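J.: My questions all concern the structure below.
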Amino acid sequence: MFKRAAIVSSVALCAVPLAIAEDSKECLIVHMHGGSRISYVLEDTPVVTFEGENLHVEASQLSDDHKLAEVEKFTFENMAALPLVQADEWRITITDHNMTLEGVTPLIHITLSDIQGRTIAATNANTEGIASLSLSGISKGVYIVSTSDGKSFKIFIK
């Protein structure tokens with residue numbers, strides 16, 4: 001089961017629950033100028049709002065911000081028709097007890113920290129730029145996911 005969420009991101013990663021069939025769920029894709037994309041594959045559909053100079057993405061498990069000047073457009077696409085991760089795309093997938101990042105820099109270090117900055121879990125992406133972190137056994141709360149190349153976003157464990 002997928003959890004949809006929004007992201008608060010320092011680099012441009014970026015809640016209404018859906019009671020519909022799995023194959024008709026949608027994911028949010030933020031298309032950046034220059035061709036890069038950030039895809040959010042979550043349980044609930046993120047809400048997109050404009051806050052000052054930012055496009056804000058918010059969902060029950062995630063929060064993210066993108067500078068409007070860097071955003072070309074955003075779209076919602078059917079998850080069943082979603083292709084494999086493309087070049088210049090970051091895909092964030094959150095399921096019941098796991099978070100997967102795809103399209104990250106190969107072998108990059110990824111850390112899950114609590115709000116006090118304590119490391120809860122860490123991993124490195126593989127050579128294809130895919131990393132997975134288990135969320136099993138993690139207490140309810142707000143956590144920061146960060147990469148060693150400066151990208152970060154917030155997730156909410158409920």
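Following the order of the structure tokens, chains are lettered A, B, ..., residues in each are numbered from 1, and ligands are numbered from 1.
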Enumerate, as a ChimeraX atom specification, the complete set of residues in chain A that a backbone-based DSSP assignment places in strand (DSSP E or B).
T.: /A:2-3,16,26-32,37-41,45,47-51,54-59,62-67,71-78,89-95,98-102,109-114,119-124,130-134,141-147,152-157
J.: What lies within 10 Å of stretch 68-81 of chain A using only C-alpha atoms, ignoring chain neighbours under 3 positions off, as an MDAnalysis selection string?
T.: chainID A and resid 12 22:42 45:46 48 50:56 65 84
J.: With distances taken over only C-alpha atoms, which residue among A:Asp44, A:Glu102, A:Glu128, A:Glu89 lies nearest A:Leu62?
T.: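 Residue with the minimum atom-to-atom distance to A:Leu62: A:Asp44.
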J.: Between atom CA of A:Asp96 and atom CA of A:Ser136, measure the distance and give it in Å to one decimal.
T.: 8.4 Å
J.: With only C-alpha atoms as the atoms that count, which of A:Val142, A:Val85, A:Ile157, A:Ile130 lies nearest to A:Thr100?
T.: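 Going through A:Val142, A:Val85, A:Ile157, A:Ile130 one by one, the smallest distance to A:Thr100 is for A:Ile130.
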J.: Among stretch 6-155 of chain A, which ones does DSSP assign to helix (DSSP H, G or I) (computed from the backbone)? Answer as a list in words.
T.: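 Of stretch 6-155 of chain A, the ones in helix (DSSP H, G or I) are Glu22, Asp23, Ser24, Leu68, Ala69, Glu70, Met79, Ala80 and Ala81 of chain A.
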J.: May I have the residues within 6 Å of A:Tyr143 as a PyMOL selection string, using only C-alpha atoms and disregarding those fewer than 3 positions away in the same chain?
T.: chain A and resi 113-115+154-155
J.: Go ahead and save the residues from that selection, with all heavy atoms, as a tab-separated table (two decimals), in the first residue's frame.
T.:
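result_38.tsv was written with the following content:
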chain	number	residue	atom	x	y	z
A	113	SER	N	17.06	11.46	10.00
A	113	SER	CA	17.36	12.03	11.31
A	113	SER	C	16.08	12.50	11.98
A	113	SER	O	15.12	12.89	11.31
A	113	SER	CB	18.29	13.24	11.18
A	113	SER	OG	19.47	12.89	10.52
A	114	ASP	N	16.09	12.48	13.32
A	114	ASP	CA	14.94	13.03	14.02
A	114	ASP	C	15.07	14.55	14.05
A	114	ASP	O	16.06	15.12	13.58
A	114	ASP	CB	14.79	12.42	15.42
A	114	ASP	CG	15.92	12.76	16.38
A	114	ASP	OD1	16.72	13.68	16.11
A	114	ASP	OD2	16.00	12.08	17.43
A	115	ILE	N	14.08	15.20	14.61
A	115	ILE	CA	14.03	16.67	14.59
A	115	ILE	C	15.16	17.29	15.42
A	115	ILE	O	15.54	18.43	15.20
A	115	ILE	CB	12.63	17.16	15.03
A	115	ILE	CG1	12.32	18.54	14.47
A	115	ILE	CG2	12.45	17.10	16.50
A	115	ILE	CD1	12.07	18.56	13.00
A	154	LYS	N	11.17	16.56	4.51
A	154	LYS	CA	10.56	16.11	5.76
A	154	LYS	C	9.59	14.98	5.49
A	154	LYS	O	8.85	15.02	4.52
A	154	LYS	CB	9.76	17.26	6.35
A	154	LYS	CG	10.17	17.69	7.72
A	154	LYS	CD	9.18	18.62	8.35
A	154	LYS	CE	9.10	19.98	7.70
A	154	LYS	NZ	8.32	20.94	8.48
A	155	ILE	N	9.59	13.96	6.37
A	155	ILE	CA	8.54	12.94	6.33
A	155	ILE	C	7.89	12.88	7.70
A	155	ILE	O	8.48	13.27	8.72
A	155	ILE	CB	9.06	11.54	5.90
A	155	ILE	CG1	10.05	10.98	6.93
A	155	ILE	CG2	9.65	11.58	4.51
A	155	ILE	CD1	10.37	9.51	6.69
J.: In Å, rounded to a single decimal, give me how far atom CA of A:Asp88 is from atom CA of A:Ile144.
T.: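 The value is 22.4 Å.
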J.: I'd like the interatomic distance between atom CA of A:Ser148 and atom CA of A:Ala122, to a tenth of an Å.
T.: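 One can read the atom CA of A:Ser148 to atom CA of A:Ala122 distance as 11.0 Å.
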J.: Excluding A:Ile108 and residues on its chain fewer than 4 positions from it, collect all residues at most 9 Å away from it, counting only C-alpha atoms, and give them as a PDB file with all heavy atoms, in the first residue's frame.
T.:
ATOM      1  N   VAL A 104      18.617   9.121  -7.497  1.00  0.00           N
ATOM      2  CA  VAL A 104      19.601   9.894  -6.742  1.00  0.00           C
ATOM      3  C   VAL A 104      20.995   9.612  -7.306  1.00  0.00           C
ATOM      4  O   VAL A 104      21.186   8.691  -8.093  1.00  0.00           O
ATOM      5  CB  VAL A 104      19.546   9.575  -5.227  1.00  0.00           C
ATOM      6  CG1 VAL A 104      18.187   9.937  -4.654  1.00  0.00           C
ATOM      7  CG2 VAL A 104      19.873   8.135  -4.933  1.00  0.00           C
ATOM      8  N   THR A 123      21.897   4.952   4.895  1.00  0.00           N
ATOM      9  CA  THR A 123      22.225   3.985   3.848  1.00  0.00           C
ATOM     10  C   THR A 123      22.934   4.716   2.722  1.00  0.00           C
ATOM     11  O   THR A 123      22.995   5.949   2.713  1.00  0.00           O
ATOM     12  CB  THR A 123      20.951   3.277   3.328  1.00  0.00           C
ATOM     13  OG1 THR A 123      21.337   2.190   2.498  1.00  0.00           O
ATOM     14  CG2 THR A 123      20.063   4.226   2.553  1.00  0.00           C
ATOM     15  N   ASN A 124      23.455   3.966   1.786  1.00  0.00           N
ATOM     16  CA  ASN A 124      24.022   4.527   0.564  1.00  0.00           C
ATOM     17  C   ASN A 124      23.199   4.031  -0.609  1.00  0.00           C
ATOM     18  O   ASN A 124      22.733   2.887  -0.610  1.00  0.00           O
ATOM     19  CB  ASN A 124      25.479   4.102   0.377  1.00  0.00           C
ATOM     20  CG  ASN A 124      26.393   4.766   1.377  1.00  0.00           C
ATOM     21  OD1 ASN A 124      26.213   5.917   1.732  1.00  0.00           O
ATOM     22  ND2 ASN A 124      27.367   4.022   1.849  1.00  0.00           N
ATOM     23  N   ALA A 125      23.037   4.879  -1.612  1.00  0.00           N
ATOM     24  CA  ALA A 125      22.367   4.461  -2.840  1.00  0.00           C
ATOM     25  C   ALA A 125      23.252   3.431  -3.540  1.00  0.00           C
ATOM     26  O   ALA A 125      24.474   3.443  -3.388  1.00  0.00           O
ATOM     27  CB  ALA A 125      22.129   5.659  -3.746  1.00  0.00           C
ATOM     28  N   ASN A 126      22.626   2.573  -4.314  1.00  0.00           N
ATOM     29  CA  ASN A 126      23.409   1.605  -5.078  1.00  0.00           C
ATOM     30  C   ASN A 126      23.956   2.268  -6.356  1.00  0.00           C
ATOM     31  O   ASN A 126      23.777   3.475  -6.557  1.00  0.00           O
ATOM     32  CB  ASN A 126      22.586   0.344  -5.379  1.00  0.00           C
ATOM     33  CG  ASN A 126      21.398   0.608  -6.290  1.00  0.00           C
ATOM     34  OD1 ASN A 126      21.312   1.614  -6.992  1.00  0.00           O
ATOM     35  ND2 ASN A 126      20.452  -0.314  -6.274  1.00  0.00           N
ATOM     36  N   GLY A 129      21.572   4.338  -8.417  1.00  0.00           N
ATOM     37  CA  GLY A 129      20.950   5.510  -7.814  1.00  0.00           C
ATOM     38  C   GLY A 129      19.643   5.210  -7.100  1.00  0.00           C
ATOM     39  O   GLY A 129      18.752   6.053  -7.053  1.00  0.00           O
ATOM     40  N   ALA A 131      17.984   3.904  -3.388  1.00  0.00           N
ATOM     41  CA  ALA A 131      18.237   3.688  -1.966  1.00  0.00           C
ATOM     42  C   ALA A 131      16.923   3.381  -1.273  1.00  0.00           C
ATOM     43  O   ALA A 131      15.881   3.924  -1.638  1.00  0.00           O
ATOM     44  CB  ALA A 131      18.887   4.918  -1.344  1.00  0.00           C
ATOM     45  N   THR A 147      20.488  13.991   1.872  1.00  0.00           N
ATOM     46  CA  THR A 147      21.526  13.335   1.078  1.00  0.00           C
ATOM     47  C   THR A 147      22.824  14.110   1.241  1.00  0.00           C
ATOM     48  O   THR A 147      22.814  15.302   1.559  1.00  0.00           O
ATOM     49  CB  THR A 147      21.146  13.288  -0.415  1.00  0.00           C
ATOM     50  OG1 THR A 147      21.059  14.616  -0.913  1.00  0.00           O
ATOM     51  CG2 THR A 147      19.821  12.563  -0.628  1.00  0.00           C
ATOM     52  N   SER A 148      23.925  13.441   1.009  1.00  0.00           N
ATOM     53  CA  SER A 148      25.224  14.095   1.198  1.00  0.00           C
ATOM     54  C   SER A 148      25.504  15.166   0.145  1.00  0.00           C
ATOM     55  O   SER A 148      26.460  15.913   0.287  1.00  0.00           O
ATOM     56  CB  SER A 148      26.349  13.051   1.227  1.00  0.00           C
ATOM     57  OG  SER A 148      26.336  12.268   0.058  1.00  0.00           O
ATOM     58  N   ASP A 149      24.632  15.277  -0.882  1.00  0.00           N
ATOM     59  CA  ASP A 149      24.812  16.357  -1.851  1.00  0.00           C
ATOM     60  C   ASP A 149      23.890  17.546  -1.562  1.00  0.00           C
ATOM     61  O   ASP A 149      23.711  18.428  -2.393  1.00  0.00           O
ATOM     62  CB  ASP A 149      24.649  15.876  -3.284  1.00  0.00           C
ATOM     63  CG  ASP A 149      23.270  15.364  -3.619  1.00  0.00           C
ATOM     64  OD1 ASP A 149      22.415  15.261  -2.701  1.00  0.00           O
ATOM     65  OD2 ASP A 149      23.017  15.045  -4.792  1.00  0.00           O
TER      66      ASP A 149
END
